[in-house]
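**Student:** What follows is a structure written as C-alpha coordinates; I'll ask about it next.
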Amino acid sequence: MDRKRLIVTSAVVVVLVVLVYLQAHAFRKFAWSAFGQELAQVNWWMVLAAIVVVHLADGLRALRWSIFLKPVRAISPFKLLAAQYIGFAGLALLGRPGEFIRPYIISKRARLPFASQVAVWTVERIFDTSSVAIILAADLLFAQTLRTFPQFGSIRTGGILLICLVSFGGLVIFLIWKYGAQMATRLEAGHHPSHIRHRIAFRIRSFGEGLHTVHSPLAFLGLAALSLVIWGLIACAYWLVLHAYSDPELTTLTFVHAVLLMAGSVAGGILQLPLVGGGSQLATINLLLYLFNVNPDQPELATSCGILLWLVTFMSVTPLGVALARLEHLSLRKITAESHHEEEEM
(Lines give C-alpha, C1' and ligand atoms only; values in the text may rest on other atoms or scores of the structure.)
Protein backbone atom coordinates (compact mmCIF):
# COMPACT_ATOMS: atom_id res chain seq x y z
CA MET A 1 0.00 0.00 0.00
CA ASP A 2 1.53 3.38 -0.96
CA ARG A 3 1.82 6.31 1.44
CA LYS A 4 -1.24 8.19 0.12
CA ARG A 5 -3.57 5.19 0.49
CA LEU A 6 -2.10 4.41 3.92
CA ILE A 7 -2.88 7.95 5.11
CA VAL A 8 -6.42 7.85 3.68
CA THR A 9 -7.13 4.39 5.15
CA SER A 10 -5.76 5.46 8.55
CA ALA A 11 -7.95 8.56 8.54
CA VAL A 12 -11.04 6.48 7.67
CA VAL A 13 -10.22 3.99 10.44
CA VAL A 14 -9.84 6.78 13.01
CA VAL A 15 -13.14 8.43 12.02
CA LEU A 16 -14.98 5.10 12.06
CA VAL A 17 -13.54 4.15 15.45
CA VAL A 18 -14.77 7.47 16.87
CA LEU A 19 -18.22 7.00 15.30
CA VAL A 20 -18.50 3.41 16.54
CA TYR A 21 -17.43 4.50 20.04
CA LEU A 22 -20.08 7.22 20.11
CA GLN A 23 -22.67 4.76 18.80
CA ALA A 24 -21.69 2.16 21.41
CA HIS A 25 -21.87 4.83 24.14
CA ALA A 26 -25.41 5.65 23.00
CA PHE A 27 -26.31 1.93 23.00
CA ARG A 28 -25.17 1.14 26.55
CA LYS A 29 -28.40 -0.78 27.20
CA PHE A 30 -28.26 -2.68 23.91
CA ALA A 31 -29.92 -6.10 24.28
CA TRP A 32 -28.35 -8.70 22.04
CA SER A 33 -31.16 -11.17 22.73
CA ALA A 34 -33.70 -8.65 21.37
CA PHE A 35 -31.42 -8.07 18.39
CA GLY A 36 -31.48 -11.80 17.63
CA GLN A 37 -35.25 -11.97 18.02
CA GLU A 38 -35.71 -9.18 15.48
CA LEU A 39 -33.60 -11.06 12.93
CA ALA A 40 -35.42 -14.33 13.66
CA GLN A 41 -38.73 -12.74 12.61
CA VAL A 42 -37.47 -11.49 9.25
CA ASN A 43 -39.25 -12.70 6.10
CA TRP A 44 -36.23 -14.09 4.27
CA TRP A 45 -38.14 -14.48 1.00
CA MET A 46 -38.47 -10.70 0.83
CA VAL A 47 -34.76 -10.40 1.62
CA LEU A 48 -34.04 -12.79 -1.24
CA ALA A 49 -36.23 -10.67 -3.53
CA ALA A 50 -34.21 -7.60 -2.50
CA ILE A 51 -30.96 -9.44 -3.34
CA VAL A 52 -32.34 -10.35 -6.79
CA VAL A 53 -33.26 -6.69 -7.37
CA VAL A 54 -29.74 -5.57 -6.39
CA HIS A 55 -28.20 -8.12 -8.79
CA LEU A 56 -30.53 -6.88 -11.55
CA ALA A 57 -29.44 -3.29 -10.93
CA ASP A 58 -25.77 -4.31 -11.09
CA GLY A 59 -26.47 -6.23 -14.30
CA LEU A 60 -27.99 -3.13 -15.92
CA ARG A 61 -24.65 -1.41 -15.38
CA ALA A 62 -23.23 -3.70 -18.07
CA LEU A 63 -25.82 -2.37 -20.53
CA ARG A 64 -24.96 1.20 -19.55
CA TRP A 65 -21.24 0.56 -19.97
CA SER A 66 -21.82 -0.92 -23.44
CA ILE A 67 -23.60 2.33 -24.42
CA PHE A 68 -20.56 4.28 -23.21
CA LEU A 69 -18.32 2.07 -25.39
CA LYS A 70 -20.50 2.30 -28.51
CA PRO A 71 -18.58 5.18 -30.20
CA VAL A 72 -15.30 3.21 -30.12
CA ARG A 73 -16.25 -0.45 -29.82
CA ALA A 74 -19.58 -2.23 -30.25
CA ILE A 75 -19.63 -4.88 -27.54
CA SER A 76 -22.47 -6.94 -26.14
CA PRO A 77 -23.55 -6.08 -22.57
CA PHE A 78 -23.38 -9.81 -21.77
CA LYS A 79 -19.60 -9.72 -22.33
CA LEU A 80 -19.35 -6.98 -19.69
CA LEU A 81 -21.69 -8.64 -17.18
CA ALA A 82 -19.13 -10.70 -15.28
CA ALA A 83 -16.86 -7.66 -14.87
CA GLN A 84 -19.63 -5.82 -13.00
CA TYR A 85 -20.17 -8.58 -10.44
CA ILE A 86 -16.45 -9.31 -10.03
CA GLY A 87 -15.75 -5.60 -9.61
CA PHE A 88 -18.38 -5.09 -6.93
CA ALA A 89 -17.24 -8.24 -5.12
CA GLY A 90 -13.71 -6.82 -5.10
CA LEU A 91 -15.02 -3.50 -3.77
CA ALA A 92 -16.87 -5.30 -0.96
CA LEU A 93 -13.93 -7.52 -0.01
CA LEU A 94 -11.01 -5.13 -0.57
CA GLY A 95 -12.59 -1.72 -0.02
CA ARG A 96 -11.73 1.34 -2.10
CA PRO A 97 -8.58 -0.25 -3.63
CA GLY A 98 -10.97 -2.56 -5.54
CA GLU A 99 -12.69 0.31 -7.37
CA PHE A 100 -10.57 -0.03 -10.51
CA ILE A 101 -11.28 -3.75 -10.98
CA ARG A 102 -14.24 -3.14 -13.31
CA PRO A 103 -12.49 -0.72 -15.71
CA TYR A 104 -9.37 -2.93 -15.68
CA ILE A 105 -11.24 -6.13 -16.63
CA ILE A 106 -13.31 -4.31 -19.27
CA SER A 107 -10.20 -2.73 -20.79
CA LYS A 108 -8.70 -6.20 -21.24
CA ARG A 109 -11.93 -7.73 -22.52
CA ALA A 110 -12.70 -4.92 -24.99
CA ARG A 111 -9.01 -4.47 -25.91
CA LEU A 112 -9.12 -0.78 -25.11
CA PRO A 113 -6.65 1.40 -23.16
CA PHE A 114 -7.11 1.26 -19.40
CA ALA A 115 -7.14 5.08 -19.28
CA SER A 116 -10.21 5.17 -21.54
CA GLN A 117 -12.11 2.85 -19.19
CA VAL A 118 -11.10 4.87 -16.14
CA ALA A 119 -12.60 7.84 -17.96
CA VAL A 120 -15.82 5.85 -18.52
CA TRP A 121 -15.80 4.82 -14.86
CA THR A 122 -15.49 8.49 -13.84
CA VAL A 123 -18.44 9.52 -16.00
CA GLU A 124 -20.43 6.53 -14.71
CA ARG A 125 -19.95 7.85 -11.18
CA ILE A 126 -21.22 11.25 -12.26
CA PHE A 127 -24.39 9.63 -13.66
CA ASP A 128 -24.78 7.62 -10.44
CA THR A 129 -24.30 10.62 -8.16
CA SER A 130 -26.62 12.79 -10.23
CA SER A 131 -29.29 10.08 -10.31
CA VAL A 132 -29.24 9.64 -6.52
CA ALA A 133 -29.36 13.43 -6.10
CA ILE A 134 -32.29 13.82 -8.51
CA ILE A 135 -34.29 10.98 -6.92
CA LEU A 136 -33.56 12.36 -3.45
CA ALA A 137 -34.43 15.94 -4.43
CA ALA A 138 -37.76 14.82 -5.93
CA ASP A 139 -38.37 12.83 -2.75
CA LEU A 140 -37.67 15.81 -0.50
CA LEU A 141 -39.65 18.32 -2.54
CA PHE A 142 -42.77 16.43 -3.56
CA ALA A 143 -43.35 13.54 -1.12
CA GLN A 144 -46.47 14.25 0.94
CA THR A 145 -45.57 11.78 3.70
CA LEU A 146 -42.54 13.88 4.72
CA ARG A 147 -44.81 16.81 5.65
CA THR A 148 -45.50 15.11 8.99
CA PHE A 149 -41.83 15.32 9.98
CA PRO A 150 -40.95 18.08 12.48
CA GLN A 151 -37.88 18.78 10.32
CA PHE A 152 -39.97 19.24 7.14
CA GLY A 153 -38.81 22.85 6.63
CA SER A 154 -35.16 21.82 6.74
CA ILE A 155 -35.88 18.82 4.51
CA ARG A 156 -37.52 21.02 1.87
CA THR A 157 -34.64 23.50 2.03
CA GLY A 158 -32.24 20.60 1.57
CA GLY A 159 -34.16 19.48 -1.53
CA ILE A 160 -33.93 22.96 -3.07
CA LEU A 161 -30.22 23.16 -2.24
CA LEU A 162 -29.67 19.73 -3.78
CA ILE A 163 -31.38 20.80 -7.02
CA CYS A 164 -29.11 23.87 -7.13
CA LEU A 165 -26.01 21.73 -6.59
CA VAL A 166 -27.05 19.29 -9.32
CA SER A 167 -27.69 22.20 -11.70
CA PHE A 168 -24.29 23.72 -10.89
CA GLY A 169 -22.64 20.34 -11.37
CA GLY A 170 -24.37 20.01 -14.74
CA LEU A 171 -22.95 23.38 -15.79
CA VAL A 172 -19.43 22.34 -14.75
CA ILE A 173 -19.77 19.06 -16.65
CA PHE A 174 -20.92 20.91 -19.77
CA LEU A 175 -17.95 23.30 -19.57
CA ILE A 176 -15.50 20.40 -19.21
CA TRP A 177 -17.20 18.58 -22.11
CA LYS A 178 -16.94 21.70 -24.28
CA TYR A 179 -13.63 23.22 -23.17
CA GLY A 180 -11.90 20.50 -21.12
CA ALA A 181 -8.83 20.21 -23.36
CA GLN A 182 -8.27 23.98 -23.38
CA MET A 183 -8.72 24.19 -19.61
CA ALA A 184 -6.19 21.40 -19.01
CA THR A 185 -3.65 22.97 -21.41
CA ARG A 186 -3.88 26.38 -19.74
CA LEU A 187 -3.53 24.81 -16.32
CA GLU A 188 -0.37 22.95 -17.36
CA ALA A 189 1.09 26.08 -18.96
CA GLY A 190 0.99 28.08 -15.72
CA HIS A 191 3.96 30.16 -14.59
CA HIS A 192 4.55 27.88 -11.62
CA PRO A 193 4.18 24.30 -12.85
CA SER A 194 3.64 21.74 -10.13
CA HIS A 195 2.79 18.08 -9.71
CA ILE A 196 -0.64 18.97 -8.33
CA ARG A 197 -1.41 21.22 -11.29
CA HIS A 198 -0.45 18.51 -13.79
CA ARG A 199 -2.51 15.97 -11.85
CA ILE A 200 -5.59 18.21 -11.93
CA ALA A 201 -5.06 18.85 -15.63
CA PHE A 202 -4.83 15.11 -16.24
CA ARG A 203 -8.08 14.55 -14.36
CA ILE A 204 -9.86 17.26 -16.34
CA ARG A 205 -8.59 15.85 -19.62
CA SER A 206 -9.55 12.27 -18.67
CA PHE A 207 -12.97 13.41 -17.52
CA GLY A 208 -13.49 15.35 -20.75
CA GLU A 209 -12.53 12.29 -22.80
CA GLY A 210 -14.94 10.21 -20.78
CA LEU A 211 -17.74 12.69 -21.37
CA HIS A 212 -17.22 12.41 -25.12
CA THR A 213 -18.24 8.76 -24.90
CA VAL A 214 -21.77 10.19 -24.63
CA HIS A 215 -21.97 10.50 -28.40
CA SER A 216 -25.46 11.97 -28.92
CA PRO A 217 -28.38 13.58 -27.09
CA LEU A 218 -30.30 10.32 -27.52
CA ALA A 219 -27.47 8.38 -25.88
CA PHE A 220 -27.41 10.89 -23.03
CA LEU A 221 -31.14 10.47 -22.44
CA GLY A 222 -30.78 6.69 -22.57
CA LEU A 223 -27.89 6.74 -20.07
CA ALA A 224 -29.76 9.12 -17.76
CA ALA A 225 -32.93 7.01 -17.87
CA LEU A 226 -30.95 3.81 -17.27
CA SER A 227 -29.15 5.39 -14.31
CA LEU A 228 -32.45 6.45 -12.77
CA VAL A 229 -33.81 2.91 -13.24
CA ILE A 230 -30.71 1.42 -11.59
CA TRP A 231 -31.04 3.59 -8.51
CA GLY A 232 -34.81 3.21 -8.47
CA LEU A 233 -34.27 -0.56 -8.27
CA ILE A 234 -31.80 -0.13 -5.41
CA ALA A 235 -34.36 2.01 -3.56
CA CYS A 236 -36.86 -0.83 -4.14
CA ALA A 237 -34.38 -3.21 -2.49
CA TYR A 238 -34.29 -0.93 0.56
CA TRP A 239 -38.10 -0.94 0.68
CA LEU A 240 -38.20 -4.75 0.45
CA VAL A 241 -35.78 -5.13 3.36
CA LEU A 242 -37.80 -2.68 5.48
CA HIS A 243 -40.95 -4.68 4.81
CA ALA A 244 -39.22 -8.00 5.47
CA TYR A 245 -39.67 -7.13 9.16
CA SER A 246 -42.98 -7.71 10.93
CA ASP A 247 -42.64 -4.67 13.20
CA PRO A 248 -45.09 -1.86 12.31
CA GLU A 249 -42.34 0.71 12.97
CA LEU A 250 -40.72 -0.52 9.73
CA THR A 251 -43.66 -1.86 7.71
CA THR A 252 -45.34 1.56 7.82
CA LEU A 253 -42.32 3.16 6.16
CA THR A 254 -42.90 3.88 2.47
CA PHE A 255 -40.80 4.06 -0.68
CA VAL A 256 -40.20 7.73 0.20
CA HIS A 257 -38.44 6.69 3.40
CA ALA A 258 -36.51 4.00 1.52
CA VAL A 259 -35.08 6.68 -0.80
CA LEU A 260 -33.89 8.72 2.20
CA LEU A 261 -32.24 5.63 3.67
CA MET A 262 -30.56 4.84 0.34
CA ALA A 263 -29.16 8.37 0.04
CA GLY A 264 -27.93 8.29 3.64
CA SER A 265 -26.26 4.95 3.05
CA VAL A 266 -24.56 6.22 -0.12
CA ALA A 267 -23.27 9.28 1.76
CA GLY A 268 -22.10 7.16 4.70
CA GLY A 269 -20.43 4.71 2.32
CA ILE A 270 -17.63 7.26 1.84
CA LEU A 271 -16.35 6.00 5.21
CA GLN A 272 -16.17 2.31 4.39
CA LEU A 273 -13.75 -0.45 5.35
CA PRO A 274 -13.33 -3.83 3.60
CA LEU A 275 -15.74 -6.54 4.82
CA VAL A 276 -16.90 -4.61 7.90
CA GLY A 277 -18.38 -1.52 6.21
CA GLY A 278 -18.94 1.17 8.80
CA GLY A 279 -20.28 4.46 7.53
CA SER A 280 -23.27 3.15 5.59
CA GLN A 281 -24.59 1.09 8.52
CA LEU A 282 -24.17 3.97 10.97
CA ALA A 283 -25.95 6.34 8.59
CA THR A 284 -28.97 4.09 8.06
CA ILE A 285 -29.20 3.13 11.74
CA ASN A 286 -29.19 6.77 12.84
CA LEU A 287 -31.75 7.75 10.21
CA LEU A 288 -34.04 4.97 11.39
CA LEU A 289 -33.60 5.92 15.04
CA TYR A 290 -33.67 9.69 15.01
CA LEU A 291 -35.37 10.76 11.78
CA PHE A 292 -37.95 8.00 11.36
CA ASN A 293 -38.24 7.52 15.15
CA VAL A 294 -37.98 3.71 15.01
CA ASN A 295 -37.85 2.80 18.71
CA PRO A 296 -35.04 5.28 19.59
CA ASP A 297 -34.98 3.98 23.19
CA GLN A 298 -34.61 0.37 21.99
CA PRO A 299 -32.03 0.39 19.18
CA GLU A 300 -32.02 -3.34 18.45
CA LEU A 301 -34.61 -3.13 15.65
CA ALA A 302 -32.93 -0.23 13.82
CA THR A 303 -29.50 -1.81 14.25
CA SER A 304 -30.53 -5.17 12.82
CA CYS A 305 -32.25 -3.44 9.89
CA GLY A 306 -29.22 -1.22 9.18
CA ILE A 307 -26.87 -4.20 9.13
CA LEU A 308 -29.23 -6.26 6.96
CA LEU A 309 -29.59 -3.37 4.49
CA TRP A 310 -25.79 -3.21 4.19
CA LEU A 311 -25.50 -6.96 3.68
CA VAL A 312 -28.20 -7.00 0.99
CA THR A 313 -27.24 -3.87 -0.97
CA PHE A 314 -23.46 -4.03 -0.67
CA MET A 315 -22.22 -7.49 0.30
CA SER A 316 -24.75 -9.82 -1.37
CA VAL A 317 -22.99 -9.64 -4.74
CA THR A 318 -19.82 -11.15 -3.24
CA PRO A 319 -20.60 -14.87 -3.70
CA LEU A 320 -21.50 -14.45 -7.38
CA GLY A 321 -18.55 -12.14 -8.03
CA VAL A 322 -16.05 -14.49 -6.37
CA ALA A 323 -17.52 -17.49 -8.23
CA LEU A 324 -17.22 -15.67 -11.58
CA ALA A 325 -13.65 -14.60 -10.75
CA ARG A 326 -12.72 -18.21 -9.98
CA LEU A 327 -14.45 -19.37 -13.17
CA GLU A 328 -12.37 -16.92 -15.19
CA HIS A 329 -9.18 -17.72 -13.23
CA LEU A 330 -8.86 -14.19 -11.85
CA SER A 331 -7.31 -13.19 -8.54
CA LEU A 332 -9.03 -10.14 -7.03
CA ARG A 333 -5.89 -9.03 -5.21
CA LYS A 334 -3.73 -9.49 -8.28
CA ILE A 335 -5.98 -7.53 -10.65
CA THR A 336 -6.41 -4.85 -7.97
CA ALA A 337 -2.65 -4.43 -7.76
CA GLU A 338 -2.31 -4.44 -11.57
CA SER A 339 -5.10 -1.88 -12.01
CA HIS A 340 -3.53 0.47 -9.47
CA HIS A 341 -0.15 0.05 -11.13
CA GLU A 342 -1.65 1.08 -14.46
CA GLU A 343 -3.44 3.98 -12.77
CA GLU A 344 -0.12 5.22 -11.38
CA GLU A 345 1.49 4.80 -14.81
CA MET A 346 -1.23 7.02 -16.29
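Lettering and numbering for the C-alpha coordinates are positional, with chains as A, B, ... in the shown order, residues counted from 1 in each chain, and ligands counted from 1 in the shown order.
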Extract, using only C-alpha atoms, all DNA, RNA and protein residues at most 7 Å from Arg102 of chain A, discarding same-chain residues fewer than 3 positions from it, and format them as a count of residues only.

**Tutor:** 5

**Student:** Taking only C-alpha atoms into account, produce a table as CSV in which each residue of segment 215-265 of chain A with an atom at most 7 Å from an atom of segment 42-65 of chain A appears once, together with its shortest atom pair and the distance in Å to one decimal, ordered by chain and rising number.

**Tutor:**
```
residue,atom,partner,partner_atom,distance
A:Leu223,CA,A:Arg64,CA,6.3
A:Leu226,CA,A:Arg64,CA,6.9
A:Ile230,CA,A:Ala57,CA,4.9
A:Leu233,CA,A:Ala57,CA,6.2
A:Ile234,CA,A:Val54,CA,5.9
A:Ala237,CA,A:Ala50,CA,4.4
A:Leu240,CA,A:Ala50,CA,5.7
A:Val241,CA,A:Val47,CA,5.6
A:Ala244,CA,A:Asn43,CA,4.7
A:Tyr245,CA,A:Val42,CA,4.9
A:Ser246,CA,A:Val42,CA,6.9
```

**Student:** I'd like to know which of A:Thr284, A:Glu249, A:Ala110, A:Leu93 is closest to Gln298 of chain A, using only C-alpha atoms.

**Tutor:** A:Glu249

**Student:** Could you please determine the separation between atom CA of Leu228 of chain A and atom CA of Leu282 of chain A in Å, to one decimal place?

**Tutor:**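 According to the coordinates, atom CA of Leu228 of chain A and atom CA of Leu282 of chain A are separated by 25.3 Å.
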
**Student:** Do you have the atom CA of Ala189 of chain A-atom CA of Gly208 of chain A distance handy?

**Tutor:** 18.2 Å

**Student:** List the spatial neighbours of segment 126-131 of chain A as an mmCIF file with N, CA and C atoms, in the first residue's frame - criterion: any atom at most 7 Å away, only C-alpha atoms, same-chain residues fewer than 3 positions off excluded.

**Tutor:**
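File part-v1.cif, as written:
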```
data_model
loop_
_atom_site.group_PDB
_atom_site.id
_atom_site.type_symbol
_atom_site.label_atom_id
_atom_site.label_comp_id
_atom_site.auth_asym_id
_atom_site.auth_seq_id
_atom_site.Cartn_x
_atom_site.Cartn_y
_atom_site.Cartn_z
ATOM 1 N N THR A 122 -15.290 7.169 -14.452
ATOM 2 C CA THR A 122 -15.492 8.489 -13.840
ATOM 3 C C THR A 122 -16.838 9.073 -14.241
ATOM 4 N N VAL A 123 -17.161 8.987 -15.528
ATOM 5 C CA VAL A 123 -18.441 9.520 -16.002
ATOM 6 C C VAL A 123 -19.596 8.700 -15.438
ATOM 7 N N ILE A 134 -31.003 13.468 -7.899
ATOM 8 C CA ILE A 134 -32.293 13.817 -8.509
ATOM 9 C C ILE A 134 -33.439 13.076 -7.825
ATOM 10 N N ILE A 135 -33.256 11.769 -7.591
ATOM 11 C CA ILE A 135 -34.295 10.979 -6.916
ATOM 12 C C ILE A 135 -34.531 11.514 -5.512
ATOM 13 N N VAL A 166 -27.013 20.115 -8.114
ATOM 14 C CA VAL A 166 -27.046 19.289 -9.319
ATOM 15 C C VAL A 166 -26.984 20.160 -10.568
ATOM 16 N N ALA A 224 -29.124 8.497 -18.930
ATOM 17 C CA ALA A 224 -29.757 9.116 -17.765
ATOM 18 C C ALA A 224 -30.944 8.276 -17.281
ATOM 19 N N SER A 227 -29.702 5.105 -15.645
ATOM 20 C CA SER A 227 -29.147 5.390 -14.314
ATOM 21 C C SER A 227 -30.257 5.572 -13.289
ATOM 22 N N LEU A 228 -31.319 6.268 -13.678
ATOM 23 C CA LEU A 228 -32.454 6.453 -12.765
ATOM 24 C C LEU A 228 -33.127 5.113 -12.455
ATOM 25 N N TRP A 231 -30.918 3.128 -9.887
ATOM 26 C CA TRP A 231 -31.038 3.588 -8.507
ATOM 27 C C TRP A 231 -32.461 3.475 -7.989
#
```

**Student:** Taking the DSSP assignment computed from this structure's backbone, write out as a VMD selection string all residues of segment 132-279 of chain A that belong to alpha helix (DSSP H).

**Tutor:** chain A and resid 132 to 142 152 to 188 195 to 211 217 to 242 248 to 251 255 to 268 279

**Student:** So that I can check the surroundings of Leu288 of chain A, please list as a ChimeraX atom specification every protein, DNA and RNA residue that reaches within 6 Å of it, counting only C-alpha atoms and ignoring chain neighbours fewer than 4 positions away.

**Tutor:** /A:292,294,302

**Student:** I'd like the contact shell of segment 68-75 of chain A - 9 Å cut-off, only C-alpha atoms, skipping same-chain residues fewer than 4 positions apart - returned as an MDAnalysis selection string.

**Tutor:** chainID A and resid 63:64 79:80 110 112 117 120 124 210 212:215 219 223

**Student:** For the strand (DSSP E) assignment from backbone DSSP, which residues of segment 62-307 of chain A qualify? Please present them as a list of chain:residue names.

**Tutor:**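 Taking segment 62-307 of chain A and keeping strand (DSSP E) only, one gets A:Gln272, A:Leu273, A:Gly277, A:Gly278.
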
**Student:** Go through A:Leu291, A:Thr313, A:Arg96, A:Glu338 and flag the residue nearest Leu253 of chain A, using only C-alpha atoms for the distances.

**Tutor:**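 Among the listed residues, A:Leu291 lies closest to Leu253 of chain A.
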